[in-house]
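Worksheet for the structure shown next.
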Amino acid sequence: MRILKLLIVLLSFPIFAQQGGMWIPSMLKGMNESEMQRLGMKISAEDIYDANNSSIKDAIIHFDGGCTSEIISPKGLLLTNHHCGYGEIQSHSTVEHDYLQDGFWAMSMDKELPNPGMVATLIVSIHDVTNTVLEGVAQLSSETDKQKKIQENISRVQTSFPKEAWQENKIKTFYEGNQYILFVTETFKDIRLVGAPPSSIGKFGSDTDNWVWPRHTGDFSIFRIYANKDNKPAEYSKDNVPYTPKHFLPVSIDGISEGDFTMVFGFPGRTQEYLPSFAVEQIVNTLNPAKIEVRDAALKVQDGFMRKDQAIKIQYASKYASVANYWKKWIGESQGLKKSNAIQLKKEYETEFLKQVTKNGKQGEYGNLLSSFEKNYSAINDYALARDYFIEVALRNTELLSAGFKLYQLEQVYKAKGEQAFNDRKDNTVKGFESFYKDFNAQVDEKVAEKLIALYLEKSPLLSSDLKALDKNKIVNEVYSKSKLTSYNGLKSLMEGDAKKVFKNLNKDKGYLLVKKLADNYYANIAPKYDALNLEIGALQREYMKAQLEMFPNGRFFPDANSTLRITYGQVKGYNPSDAVYYEPVTHLEGVMEKYVPGDYEFDVPAKLLDLIKNKDYGQYAENGKMPVCFIATNHTTGGNSGSPALDANGNLIGLNFDRVWEGTMSDIHYDPEICRNIMVDIRYVLFIIDKYAGAKHLIDEMNLVHPKKGSN
């Protein structure tokens, strides 16, 4: 019965299954469009994506390479999450003007704040170039040669495909290398901060509520795209003007009800829906527990300092949130995979897959795929674990080591390409460290390092003899008391002189020498074998994907997320997280007051918001006297969908995606329609905060507010 149930889910398209998947917007015609319309959509696939005419896709922005944002006015106004703009809000903050604590609102365009280095990318058009990219690949025997040929073809197509001078061509792989799609893009480089609520609104609930429902977070911030006088991308200039978009999203203030159609448009980062059971077992039992333990140790140290010192809290606010985000996600992911019995379901599906292989006489092509997976995942286990320990300890969570690693990379460039290559990179490298050290605290980092280096030396496999010989109780103290990497001035002194002098000095520095030991061990004892095995696994995964598409020709297979433009659709719907518990799909400001803890950095509420709640001064944004805050739906989202617009059946903006429920975070690997829900801030709450809390009515006046449920669209 379990296999039968699985196949029904996979092949028969019940209502729930119709709501999973991340689909390419240029390919919605047919099955997807029919499904969306059955779920309640009232527009067409062409309204969503049209290469030649204005469509919704022209309002969807890849925000600074990691999040999504949307254009909500004819003057290039951008809406995204508070946590997506968090780094920029922090960078403009000081102890005297703490925009994280107090919020920021530009009351006129000349007060909007520039953000050097920030970019916003639009998709102009989408093209399938699979045949051209795979030309001449099939006859090659080795996987290395195949990948080399593919890269050569990609380079050639990206260079030759027609585009305007200010545009770019980018090719991405889909279905594990069975399809290649080219995106013509435009990237804007003058993006200015317009508004952000205080963290007590934009980050309400902070890390405690992260990945949790019910949620009461006003997770939004506002930016604006500026362009040159010809409305084209340009570097920052005081002469630039607000961008005039081809399309901007109308904003519905009619609200949502359970069962309403929803779609989320954005740039989901990465999913792995088609992994074999062996890979999922490794994630649940080996890799996630190690990464969780490392980040747990780092977070406890940082939190202790942040609670005692406001300056450290500002320094570490963005970094702490970044580390905590995936720490908590991995915990929920592992629990969800276990609760939904994902590994067993994968195994049962694999049994059915092999039956189909036999039935279709394809044993010669596909009969050994699963046994090869099992062999390779067993072989890569220790290398994958050692790699994760190196990345988590040396590159991501111990800042002195991550700084030292950038210098290590510079030394490798010097050894490989000579002094001129070093000179070309030296000044930019040193300059780039200035912002890093602005938010670096050696005292905090030393205590983090004590915990993480101990974990690394105790638990990481494949350590070299010189790493095994290190005294974990002495090495950290020695590094932080003697290394010049503990300050920007110290680093600059190490980088003075020609290449020979620089690397002579670096190779006497205790901090750099520790990084070098770790990196040398990684590149000598871990990376070569890991990369070779991973290449083989990648080839198997490509063949497995091809086989699944062939064995289940009527299957509902969507391509894994890869930071390209996608649409996912579903319905507003509550869920049962556990026995005898049901969660409603909408939260209200009453819930903010239930969680309110005066003075607490996670659950404090600003005085002005308290007054608005007390007086029920909600303006036109309330519903039946209550102010909605957040809602959930069955849209299949992941990292990168942060800031994505939630749209109604008519393509109007109704919310802003910012999270998933904890029980459903395993949707990157296994989408379960019973418990997977995305979390969105209700657009009416966003408007309420802008209008009634911030008094920034001029921003509301830029937007096109509509009433689709009342017949006015």
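Going by the structure tokens order, chains are called A, B, ..., each with residues numbered from 1, while ligands are numbered from 1 in the order shown.
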| request: as a list of chain:residue names, please: all residues of range 191-405 of chain A that backbone DSSP puts in strand (DSSP E). | output: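 Everything in range 191-405 of chain A that counts as strand (DSSP E) is A:Ile191, A:Arg192, A:Leu193, A:Val194, A:Gly195, A:Ala196, A:Ser221, A:Ile222, A:Phe223, A:Arg224, A:Ile225, A:Tyr226, A:Ala227, A:Val241, A:Pro242, A:Val251, A:Ser252, A:Phe261, A:Thr262, A:Met263, A:Val264, A:Phe265, A:Gly266.
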Write to file, as an mmCIF file, in the first residue's frame, the residues of the selection just made, with N, CA, C and O atoms.
```
data_model
loop_
_atom_site.group_PDB
_atom_site.id
_atom_site.type_symbol
_atom_site.label_atom_id
_atom_site.label_comp_id
_atom_site.auth_asym_id
_atom_site.auth_seq_id
_atom_site.Cartn_x
_atom_site.Cartn_y
_atom_site.Cartn_z
ATOM 1 N N ILE A 191 21.362 51.011 -6.187
ATOM 2 C CA ILE A 191 20.207 50.586 -5.397
ATOM 3 C C ILE A 191 20.263 51.323 -4.058
ATOM 4 O O ILE A 191 21.257 51.229 -3.337
ATOM 5 N N ARG A 192 19.206 52.037 -3.714
ATOM 6 C CA ARG A 192 19.241 52.887 -2.525
ATOM 7 C C ARG A 192 18.193 52.452 -1.498
ATOM 8 O O ARG A 192 17.085 52.035 -1.855
ATOM 9 N N LEU A 193 18.592 52.524 -0.234
ATOM 10 C CA LEU A 193 17.708 52.183 0.870
ATOM 11 C C LEU A 193 16.674 53.284 1.060
ATOM 12 O O LEU A 193 17.021 54.457 1.202
ATOM 13 N N VAL A 194 15.402 52.883 1.077
ATOM 14 C CA VAL A 194 14.298 53.834 1.201
ATOM 15 C C VAL A 194 13.649 53.751 2.580
ATOM 16 O O VAL A 194 13.332 54.775 3.192
ATOM 17 N N GLY A 195 13.452 52.534 3.063
ATOM 18 C CA GLY A 195 12.780 52.402 4.342
ATOM 19 C C GLY A 195 12.956 51.030 4.959
ATOM 20 O O GLY A 195 13.084 50.031 4.244
ATOM 21 N N ALA A 196 12.962 51.007 6.280
ATOM 22 C CA ALA A 196 13.036 49.747 7.008
ATOM 23 C C ALA A 196 12.428 49.953 8.387
ATOM 24 O O ALA A 196 12.741 50.937 9.055
ATOM 25 N N SER A 221 11.685 45.364 3.948
ATOM 26 C CA SER A 221 12.436 46.610 3.797
ATOM 27 C C SER A 221 12.211 47.105 2.378
ATOM 28 O O SER A 221 11.760 46.346 1.502
ATOM 29 N N ILE A 222 12.512 48.373 2.159
ATOM 30 C CA ILE A 222 12.196 49.007 0.876
ATOM 31 C C ILE A 222 13.444 49.661 0.298
ATOM 32 O O ILE A 222 14.177 50.368 1.001
ATOM 33 N N PHE A 223 13.680 49.416 -0.979
ATOM 34 C CA PHE A 223 14.796 50.009 -1.703
ATOM 35 C C PHE A 223 14.251 50.637 -2.992
ATOM 36 O O PHE A 223 13.056 50.559 -3.278
ATOM 37 N N ARG A 224 15.123 51.255 -3.747
ATOM 38 C CA ARG A 224 14.723 51.804 -5.039
ATOM 39 C C ARG A 224 15.842 51.594 -6.053
ATOM 40 O O ARG A 224 17.029 51.785 -5.728
ATOM 41 N N ILE A 225 15.460 51.211 -7.262
ATOM 42 C CA ILE A 225 16.408 51.094 -8.367
ATOM 43 C C ILE A 225 16.558 52.458 -9.041
ATOM 44 O O ILE A 225 15.556 53.110 -9.367
ATOM 45 N N TYR A 226 17.805 52.851 -9.243
ATOM 46 C CA TYR A 226 18.096 54.055 -10.028
ATOM 47 C C TYR A 226 18.802 53.654 -11.322
ATOM 48 O O TYR A 226 19.568 52.682 -11.352
ATOM 49 N N ALA A 227 18.526 54.410 -12.392
ATOM 50 C CA ALA A 227 19.113 54.154 -13.708
ATOM 51 C C ALA A 227 19.639 55.463 -14.289
ATOM 52 O O ALA A 227 19.416 56.545 -13.724
ATOM 53 N N VAL A 241 18.385 58.603 -12.107
ATOM 54 C CA VAL A 241 16.966 58.856 -11.824
ATOM 55 C C VAL A 241 16.278 57.536 -11.487
ATOM 56 O O VAL A 241 16.772 56.459 -11.843
ATOM 57 N N PRO A 242 15.135 57.581 -10.798
ATOM 58 C CA PRO A 242 14.417 56.341 -10.508
ATOM 59 C C PRO A 242 14.094 55.557 -11.776
ATOM 60 O O PRO A 242 13.687 56.132 -12.793
ATOM 61 N N VAL A 251 -1.081 46.336 -5.837
ATOM 62 C CA VAL A 251 -1.120 45.856 -4.458
ATOM 63 C C VAL A 251 -2.564 45.702 -4.011
ATOM 64 O O VAL A 251 -3.313 46.686 -3.954
ATOM 65 N N SER A 252 -2.961 44.472 -3.692
ATOM 66 C CA SER A 252 -4.325 44.215 -3.246
ATOM 67 C C SER A 252 -4.441 44.462 -1.745
ATOM 68 O O SER A 252 -3.621 43.975 -0.964
ATOM 69 N N PHE A 261 -6.161 30.983 -4.013
ATOM 70 C CA PHE A 261 -4.999 30.673 -4.852
ATOM 71 C C PHE A 261 -3.856 31.623 -4.509
ATOM 72 O O PHE A 261 -4.062 32.820 -4.283
ATOM 73 N N THR A 262 -2.641 31.079 -4.475
ATOM 74 C CA THR A 262 -1.443 31.906 -4.293
ATOM 75 C C THR A 262 -0.343 31.414 -5.215
ATOM 76 O O THR A 262 -0.265 30.213 -5.518
ATOM 77 N N MET A 263 0.491 32.312 -5.653
ATOM 78 C CA MET A 263 1.707 31.921 -6.372
ATOM 79 C C MET A 263 2.846 32.800 -5.894
ATOM 80 O O MET A 263 2.667 33.972 -5.572
ATOM 81 N N VAL A 264 4.014 32.197 -5.821
ATOM 82 C CA VAL A 264 5.216 32.892 -5.378
ATOM 83 C C VAL A 264 6.210 32.891 -6.529
ATOM 84 O O VAL A 264 6.525 31.833 -7.098
ATOM 85 N N PHE A 265 6.691 34.076 -6.873
ATOM 86 C CA PHE A 265 7.592 34.263 -8.012
ATOM 87 C C PHE A 265 8.954 34.676 -7.451
ATOM 88 O O PHE A 265 9.041 35.612 -6.656
ATOM 89 N N GLY A 266 10.026 33.999 -7.829
ATOM 90 C CA GLY A 266 11.320 34.406 -7.294
ATOM 91 C C GLY A 266 12.466 33.546 -7.745
ATOM 92 O O GLY A 266 12.370 32.825 -8.744
#
```
| task | Determine, counting only C-alpha atoms, which protein, DNA and RNA residues have an atom within 7 Å of an atom of range 616-618 of chain A; residues of the same chain fewer than 3 positions away are not included. Present the result as a VMD selection string. | result | chain A and resid 612 to 613 621 to 622 627 688
Who sits within 7 Å of Phe220 in chain A, only C-alpha atoms, same chain under 5 positions skipped, as a PDB file with N, CA, C and O atoms, in the first residue's frame:
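part_28.pdb written:
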```pdb
ATOM      1  N   LEU A  79      10.415  46.136  -3.033  1.00  0.00           N
ATOM      2  CA  LEU A  79      10.052  45.554  -1.753  1.00  0.00           C
ATOM      3  C   LEU A  79      10.783  44.226  -1.594  1.00  0.00           C
ATOM      4  O   LEU A  79      10.776  43.391  -2.509  1.00  0.00           O
ATOM      5  N   THR A  80      11.429  44.035  -0.462  1.00  0.00           N
ATOM      6  CA  THR A  80      12.070  42.761  -0.155  1.00  0.00           C
ATOM      7  C   THR A  80      11.981  42.541   1.352  1.00  0.00           C
ATOM      8  O   THR A  80      11.308  43.296   2.065  1.00  0.00           O
ATOM      9  N   ASN A  81      12.627  41.498   1.848  1.00  0.00           N
ATOM     10  CA  ASN A  81      12.585  41.217   3.290  1.00  0.00           C
ATOM     11  C   ASN A  81      13.518  42.131   4.074  1.00  0.00           C
ATOM     12  O   ASN A  81      14.533  42.602   3.554  1.00  0.00           O
ATOM     13  N   HIS A  82      13.187  42.343   5.328  1.00  0.00           N
ATOM     14  CA  HIS A  82      14.074  43.034   6.255  1.00  0.00           C
ATOM     15  C   HIS A  82      15.384  42.274   6.375  1.00  0.00           C
ATOM     16  O   HIS A  82      16.472  42.867   6.370  1.00  0.00           O
ATOM     17  N   ALA A 196      12.962  51.007   6.280  1.00  0.00           N
ATOM     18  CA  ALA A 196      13.036  49.747   7.008  1.00  0.00           C
ATOM     19  C   ALA A 196      12.428  49.953   8.387  1.00  0.00           C
ATOM     20  O   ALA A 196      12.741  50.937   9.055  1.00  0.00           O
ATOM     21  N   GLY A 202      10.589  44.299  12.111  1.00  0.00           N
ATOM     22  CA  GLY A 202      11.118  43.547  10.972  1.00  0.00           C
ATOM     23  C   GLY A 202      11.757  42.233  11.338  1.00  0.00           C
ATOM     24  O   GLY A 202      11.912  41.345  10.489  1.00  0.00           O
TER      25      GLY A 202
END
```
| request: Using only C-alpha atoms, find the one residue out of A:Ser667, A:Thr634, A:Asn368, A:Thr185 that sits nearest to Gln272 in chain A. | output: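 Of A:Ser667, A:Thr634, A:Asn368, A:Thr185, the one nearest Gln272 in chain A, counting only C-alpha atoms, is A:Ser667.
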Counting only C-alpha atoms, what are the residues of range 505-617 of chain A within 9 Å of range 33-48 of chain A, and for each of them which pair of atoms is the nearest and at what distance in Å, to one decimal? Sort the table by chain and rising number, as a tab-separated table.
```
residue	atom	partner	partner_atom	distance
A:Tyr569	CA	A:Met36	CA	7.0
A:Gly570	CA	A:Leu39	CA	7.2
A:Gln571	CA	A:Leu39	CA	7.4
```
| message | I'd like the contact shell of Ser199 in chain A - 9 Å cut-off, only C-alpha atoms, skipping same-chain residues fewer than 5 positions apart - returned as JSON, numbers by chain. | response | {"A": [82, 99, 100, 101, 102, 103, 204, 206, 218, 219, 601, 602]}
Excluding range 308-318 of chain A and its own-chain neighbours fewer than 2 positions away, which residues fall within 9 Å of it when counting only C-alpha atoms? Please give them as a tab-separated table (two decimals) with all heavy atoms, in the first residue's frame.
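Written file, out16.tsv:
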```tsv
chain	number	residue	atom	x	y	z
A	83	HIS	N	15.31	40.95	6.44
A	83	HIS	CA	16.56	40.19	6.59
A	83	HIS	C	17.39	40.18	5.32
A	83	HIS	O	18.59	39.95	5.38
A	83	HIS	CB	16.28	38.77	7.11
A	83	HIS	CG	15.70	37.80	6.13
A	83	HIS	ND1	14.36	37.46	6.10
A	83	HIS	CD2	16.29	37.05	5.16
A	83	HIS	CE1	14.16	36.56	5.15
A	83	HIS	NE2	15.31	36.30	4.58
A	86	TYR	N	19.23	43.45	5.61
A	86	TYR	CA	19.76	43.60	6.97
A	86	TYR	C	21.20	44.11	6.97
A	86	TYR	O	21.57	44.99	7.74
A	86	TYR	CB	19.69	42.25	7.68
A	86	TYR	CG	19.71	42.32	9.18
A	86	TYR	CD1	18.58	42.73	9.89
A	86	TYR	CD2	20.83	41.97	9.91
A	86	TYR	CE1	18.57	42.78	11.28
A	86	TYR	CE2	20.83	42.01	11.29
A	86	TYR	CZ	19.70	42.41	11.98
A	86	TYR	OH	19.70	42.47	13.35
A	87	GLY	N	22.03	43.55	6.09
A	87	GLY	CA	23.43	43.96	6.04
A	87	GLY	C	23.58	45.43	5.69
A	87	GLY	O	24.44	46.13	6.26
A	90	GLN	N	22.38	47.57	8.57
A	90	GLN	CA	23.44	47.56	9.58
A	90	GLN	C	24.59	48.47	9.18
A	90	GLN	O	25.14	49.20	10.00
A	90	GLN	CB	23.96	46.14	9.79
A	90	GLN	CG	25.07	46.05	10.82
A	90	GLN	CD	25.96	44.84	10.64
A	90	GLN	OE1	26.18	44.39	9.53
A	90	GLN	NE2	26.48	44.31	11.74
A	93	SER	N	24.18	51.91	10.05
A	93	SER	CA	23.89	52.14	11.46
A	93	SER	C	25.15	52.46	12.27
A	93	SER	O	26.23	51.96	11.98
A	93	SER	CB	23.21	50.90	12.06
A	93	SER	OG	21.95	50.68	11.48
A	94	THR	N	24.98	53.28	13.27
A	94	THR	CA	26.01	53.55	14.27
A	94	THR	C	25.32	53.50	15.64
A	94	THR	O	24.09	53.40	15.73
A	94	THR	CB	26.63	54.94	14.07
A	94	THR	OG1	25.61	55.94	14.25
A	94	THR	CG2	27.24	55.08	12.68
A	95	VAL	N	26.10	53.61	16.69
A	95	VAL	CA	25.50	53.65	18.02
A	95	VAL	C	24.60	54.88	18.15
A	95	VAL	O	23.55	54.84	18.79
A	95	VAL	CB	26.60	53.64	19.11
A	95	VAL	CG1	25.99	53.86	20.50
A	95	VAL	CG2	27.38	52.33	19.08
A	98	ASP	N	21.11	54.20	15.16
A	98	ASP	CA	20.97	52.75	15.04
A	98	ASP	C	19.69	52.43	14.28
A	98	ASP	O	18.61	52.31	14.86
A	98	ASP	CB	20.95	52.11	16.43
A	98	ASP	CG	21.02	50.59	16.37
A	98	ASP	OD1	20.86	50.04	15.27
A	98	ASP	OD2	21.23	49.97	17.42
A	100	LEU	N	18.95	49.68	12.84
A	100	LEU	CA	18.45	48.36	13.21
A	100	LEU	C	17.46	48.49	14.36
A	100	LEU	O	16.40	47.86	14.36
A	100	LEU	CB	19.60	47.44	13.61
A	100	LEU	CG	20.55	46.99	12.50
A	100	LEU	CD1	21.69	46.17	13.08
A	100	LEU	CD2	19.81	46.19	11.43
A	302	GLN	N	28.55	33.84	20.69
A	302	GLN	CA	28.18	35.16	20.18
A	302	GLN	C	26.99	35.74	20.95
A	302	GLN	O	26.98	36.93	21.30
A	302	GLN	CB	27.85	35.07	18.70
A	302	GLN	CG	29.06	34.77	17.83
A	302	GLN	CD	28.70	34.58	16.36
A	302	GLN	OE1	27.54	34.70	15.98
A	302	GLN	NE2	29.69	34.29	15.54
A	303	ASP	N	26.00	34.93	21.22
A	303	ASP	CA	24.82	35.40	21.94
A	303	ASP	C	25.18	35.92	23.33
A	303	ASP	O	24.65	36.95	23.78
A	303	ASP	CB	23.80	34.26	22.06
A	303	ASP	CG	22.53	34.69	22.76
A	303	ASP	OD1	21.81	35.54	22.21
A	303	ASP	OD2	22.26	34.19	23.87
A	304	GLY	N	26.08	35.24	24.00
A	304	GLY	CA	26.50	35.68	25.32
A	304	GLY	C	27.09	37.08	25.30
A	304	GLY	O	26.80	37.91	26.19
A	305	PHE	N	27.92	37.37	24.32
A	305	PHE	CA	28.52	38.70	24.20
A	305	PHE	C	27.48	39.74	23.77
A	305	PHE	O	27.48	40.87	24.26
A	305	PHE	CB	29.67	38.68	23.18
A	305	PHE	CG	30.96	38.14	23.73
A	305	PHE	CD1	31.31	36.81	23.54
A	305	PHE	CD2	31.83	38.96	24.44
A	305	PHE	CE1	32.51	36.30	24.04
A	305	PHE	CE2	33.02	38.47	24.94
A	305	PHE	CZ	33.37	37.14	24.75
A	306	MET	N	26.60	39.38	22.82
A	306	MET	CA	25.63	40.33	22.28
A	306	MET	C	24.64	40.80	23.34
A	306	MET	O	24.18	41.94	23.31
A	306	MET	CB	24.88	39.70	21.10
A	306	MET	CG	25.75	39.50	19.86
A	306	MET	SD	24.94	38.48	18.60
A	306	MET	CE	23.62	39.57	18.06
A	320	TYR	N	25.26	36.95	13.18
A	320	TYR	CA	24.58	35.99	14.03
A	320	TYR	C	23.33	35.44	13.34
A	320	TYR	O	23.07	34.23	13.34
A	320	TYR	CB	24.20	36.64	15.36
A	320	TYR	CG	23.54	35.70	16.35
A	320	TYR	CD1	24.31	35.01	17.29
A	320	TYR	CD2	22.16	35.49	16.34
A	320	TYR	CE1	23.72	34.15	18.20
A	320	TYR	CE2	21.56	34.62	17.23
A	320	TYR	CZ	22.34	33.96	18.16
A	320	TYR	OH	21.74	33.09	19.05
A	321	ALA	N	22.56	36.35	12.74
A	321	ALA	CA	21.34	35.93	12.06
A	321	ALA	C	21.65	34.98	10.91
A	321	ALA	O	20.93	33.99	10.68
A	321	ALA	CB	20.58	37.15	11.54
A	322	SER	N	22.73	35.25	10.19
A	322	SER	CA	23.12	34.40	9.07
A	322	SER	C	23.51	33.01	9.53
A	322	SER	O	23.10	32.00	8.96
A	322	SER	CB	24.28	35.05	8.31
A	322	SER	OG	24.72	34.23	7.26
A	323	VAL	N	24.30	32.93	10.60
A	323	VAL	CA	24.73	31.63	11.13
A	323	VAL	C	23.54	30.87	11.70
A	323	VAL	O	23.38	29.66	11.46
A	323	VAL	CB	25.81	31.82	12.22
A	323	VAL	CG1	26.14	30.49	12.90
A	323	VAL	CG2	27.07	32.42	11.61
A	438	LYS	N	35.60	46.18	10.41
A	438	LYS	CA	34.65	47.09	11.08
A	438	LYS	C	33.74	46.31	12.01
A	438	LYS	O	33.36	46.80	13.09
A	438	LYS	CB	33.83	47.84	10.03
A	438	LYS	CG	32.70	48.69	10.59
A	438	LYS	CD	31.95	49.40	9.46
A	438	LYS	CE	30.76	50.19	9.98
A	438	LYS	NZ	29.63	49.31	10.34
A	439	ASP	N	33.39	45.10	11.63
A	439	ASP	CA	32.47	44.28	12.42
A	439	ASP	C	33.17	43.08	13.05
A	439	ASP	O	32.52	42.09	13.41
A	439	ASP	CB	31.30	43.80	11.55
A	439	ASP	CG	30.43	44.95	11.10
A	439	ASP	OD1	30.24	45.89	11.89
A	439	ASP	OD2	29.94	44.93	9.96
A	440	PHE	N	34.49	43.14	13.19
A	440	PHE	CA	35.26	42.05	13.79
A	440	PHE	C	35.60	42.39	15.23
A	440	PHE	O	36.02	43.50	15.55
A	440	PHE	CB	36.54	41.82	12.99
A	440	PHE	CG	37.44	40.76	13.58
A	440	PHE	CD1	37.17	39.41	13.40
A	440	PHE	CD2	38.57	41.12	14.31
A	440	PHE	CE1	38.00	38.43	13.94
A	440	PHE	CE2	39.41	40.15	14.86
A	440	PHE	CZ	39.12	38.80	14.67
A	441	ASN	N	35.41	41.42	16.11
A	441	ASN	CA	35.77	41.60	17.51
A	441	ASN	C	36.64	40.41	17.92
A	441	ASN	O	36.17	39.27	18.00
A	441	ASN	CB	34.51	41.66	18.39
A	441	ASN	CG	34.82	41.98	19.84
A	441	ASN	OD1	35.51	41.23	20.52
A	441	ASN	ND2	34.29	43.10	20.32
A	444	VAL	N	35.49	38.22	20.96
A	444	VAL	CA	34.40	37.29	20.66
A	444	VAL	C	34.91	36.14	19.81
A	444	VAL	O	34.64	34.96	20.08
A	444	VAL	CB	33.25	38.02	19.92
A	444	VAL	CG1	32.15	37.04	19.56
A	444	VAL	CG2	32.70	39.15	20.78
```
| query | Hey, what does DSSP flag as helix (DSSP H, G or I) within range 485-678 of chain A? Can you give it to me as a count of residues only? | reply | 84
| field | Distance query range 488-497 of chain A at most 9 Å, only C-alpha atoms, self and fewer than 3 positions along chain excluded, as a list in words | value | Lys426, Val430, Phe433, Glu434, Phe436, Tyr437, Lys438, Ser483, Lys484, Leu485, Lys500, Lys501, Val502, Phe503, Asn505, Leu506 and Asp509 of chain A
Prev. selection, N, CA and C atoms, output as a PDB file, in the first residue's frame:
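selection_15.pdb was written with the following content:
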```pdb
ATOM      1  N   LYS A 426      46.406  42.475  -4.866  1.00  0.00           N
ATOM      2  CA  LYS A 426      46.802  42.870  -3.509  1.00  0.00           C
ATOM      3  C   LYS A 426      45.980  44.031  -2.957  1.00  0.00           C
ATOM      4  N   VAL A 430      43.306  43.991   0.282  1.00  0.00           N
ATOM      5  CA  VAL A 430      43.479  44.778   1.512  1.00  0.00           C
ATOM      6  C   VAL A 430      42.291  45.710   1.725  1.00  0.00           C
ATOM      7  N   PHE A 433      39.139  44.106   3.096  1.00  0.00           N
ATOM      8  CA  PHE A 433      39.136  43.729   4.505  1.00  0.00           C
ATOM      9  C   PHE A 433      38.675  44.864   5.424  1.00  0.00           C
ATOM     10  N   GLU A 434      38.609  46.086   4.916  1.00  0.00           N
ATOM     11  CA  GLU A 434      38.253  47.214   5.773  1.00  0.00           C
ATOM     12  C   GLU A 434      36.865  47.032   6.380  1.00  0.00           C
ATOM     13  N   PHE A 436      35.267  44.231   6.653  1.00  0.00           N
ATOM     14  CA  PHE A 436      35.301  43.015   7.470  1.00  0.00           C
ATOM     15  C   PHE A 436      35.723  43.351   8.899  1.00  0.00           C
ATOM     16  N   TYR A 437      36.792  44.124   9.042  1.00  0.00           N
ATOM     17  CA  TYR A 437      37.301  44.429  10.379  1.00  0.00           C
ATOM     18  C   TYR A 437      36.434  45.440  11.134  1.00  0.00           C
ATOM     19  N   LYS A 438      35.596  46.179  10.407  1.00  0.00           N
ATOM     20  CA  LYS A 438      34.653  47.087  11.078  1.00  0.00           C
ATOM     21  C   LYS A 438      33.736  46.311  12.013  1.00  0.00           C
ATOM     22  N   SER A 483      48.959  36.792  16.682  1.00  0.00           N
ATOM     23  CA  SER A 483      48.703  37.013  15.253  1.00  0.00           C
ATOM     24  C   SER A 483      48.316  38.457  14.960  1.00  0.00           C
ATOM     25  N   LYS A 484      48.817  38.983  13.863  1.00  0.00           N
ATOM     26  CA  LYS A 484      48.446  40.329  13.419  1.00  0.00           C
ATOM     27  C   LYS A 484      47.109  40.336  12.669  1.00  0.00           C
ATOM     28  N   LEU A 485      46.542  39.168  12.460  1.00  0.00           N
ATOM     29  CA  LEU A 485      45.245  39.089  11.787  1.00  0.00           C
ATOM     30  C   LEU A 485      44.095  39.497  12.704  1.00  0.00           C
ATOM     31  N   LYS A 500      57.386  38.760  -2.151  1.00  0.00           N
ATOM     32  CA  LYS A 500      58.323  37.965  -1.353  1.00  0.00           C
ATOM     33  C   LYS A 500      58.279  38.365   0.109  1.00  0.00           C
ATOM     34  N   LYS A 501      58.248  39.676   0.356  1.00  0.00           N
ATOM     35  CA  LYS A 501      58.217  40.161   1.737  1.00  0.00           C
ATOM     36  C   LYS A 501      56.884  39.844   2.402  1.00  0.00           C
ATOM     37  N   VAL A 502      55.792  40.015   1.670  1.00  0.00           N
ATOM     38  CA  VAL A 502      54.458  39.755   2.219  1.00  0.00           C
ATOM     39  C   VAL A 502      54.345  38.313   2.693  1.00  0.00           C
ATOM     40  N   PHE A 503      54.749  37.378   1.830  1.00  0.00           N
ATOM     41  CA  PHE A 503      54.555  35.975   2.201  1.00  0.00           C
ATOM     42  C   PHE A 503      55.602  35.492   3.205  1.00  0.00           C
ATOM     43  N   ASN A 505      56.458  37.428   5.717  1.00  0.00           N
ATOM     44  CA  ASN A 505      55.832  37.876   6.958  1.00  0.00           C
ATOM     45  C   ASN A 505      54.628  37.017   7.332  1.00  0.00           C
ATOM     46  N   LEU A 506      53.807  36.711   6.340  1.00  0.00           N
ATOM     47  CA  LEU A 506      52.624  35.896   6.607  1.00  0.00           C
ATOM     48  C   LEU A 506      53.003  34.530   7.170  1.00  0.00           C
ATOM     49  N   ASP A 509      53.406  34.398  10.817  1.00  0.00           N
ATOM     50  CA  ASP A 509      52.267  34.790  11.635  1.00  0.00           C
ATOM     51  C   ASP A 509      51.517  33.556  12.128  1.00  0.00           C
TER      52      ASP A 509
END
```
| task | Could you check how far CA of Phe658 in chain A sits from CA of Pro276 in chain A, in Å to one decimal? | result | 29.0 Å
| So how many Å separate CA of Asp110 in chain A and CA of Ile56 in chain A, to one decimal? |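 CA of Ile56 in chain A lies at a distance of 29.0 Å from CA of Asp110 in chain A.
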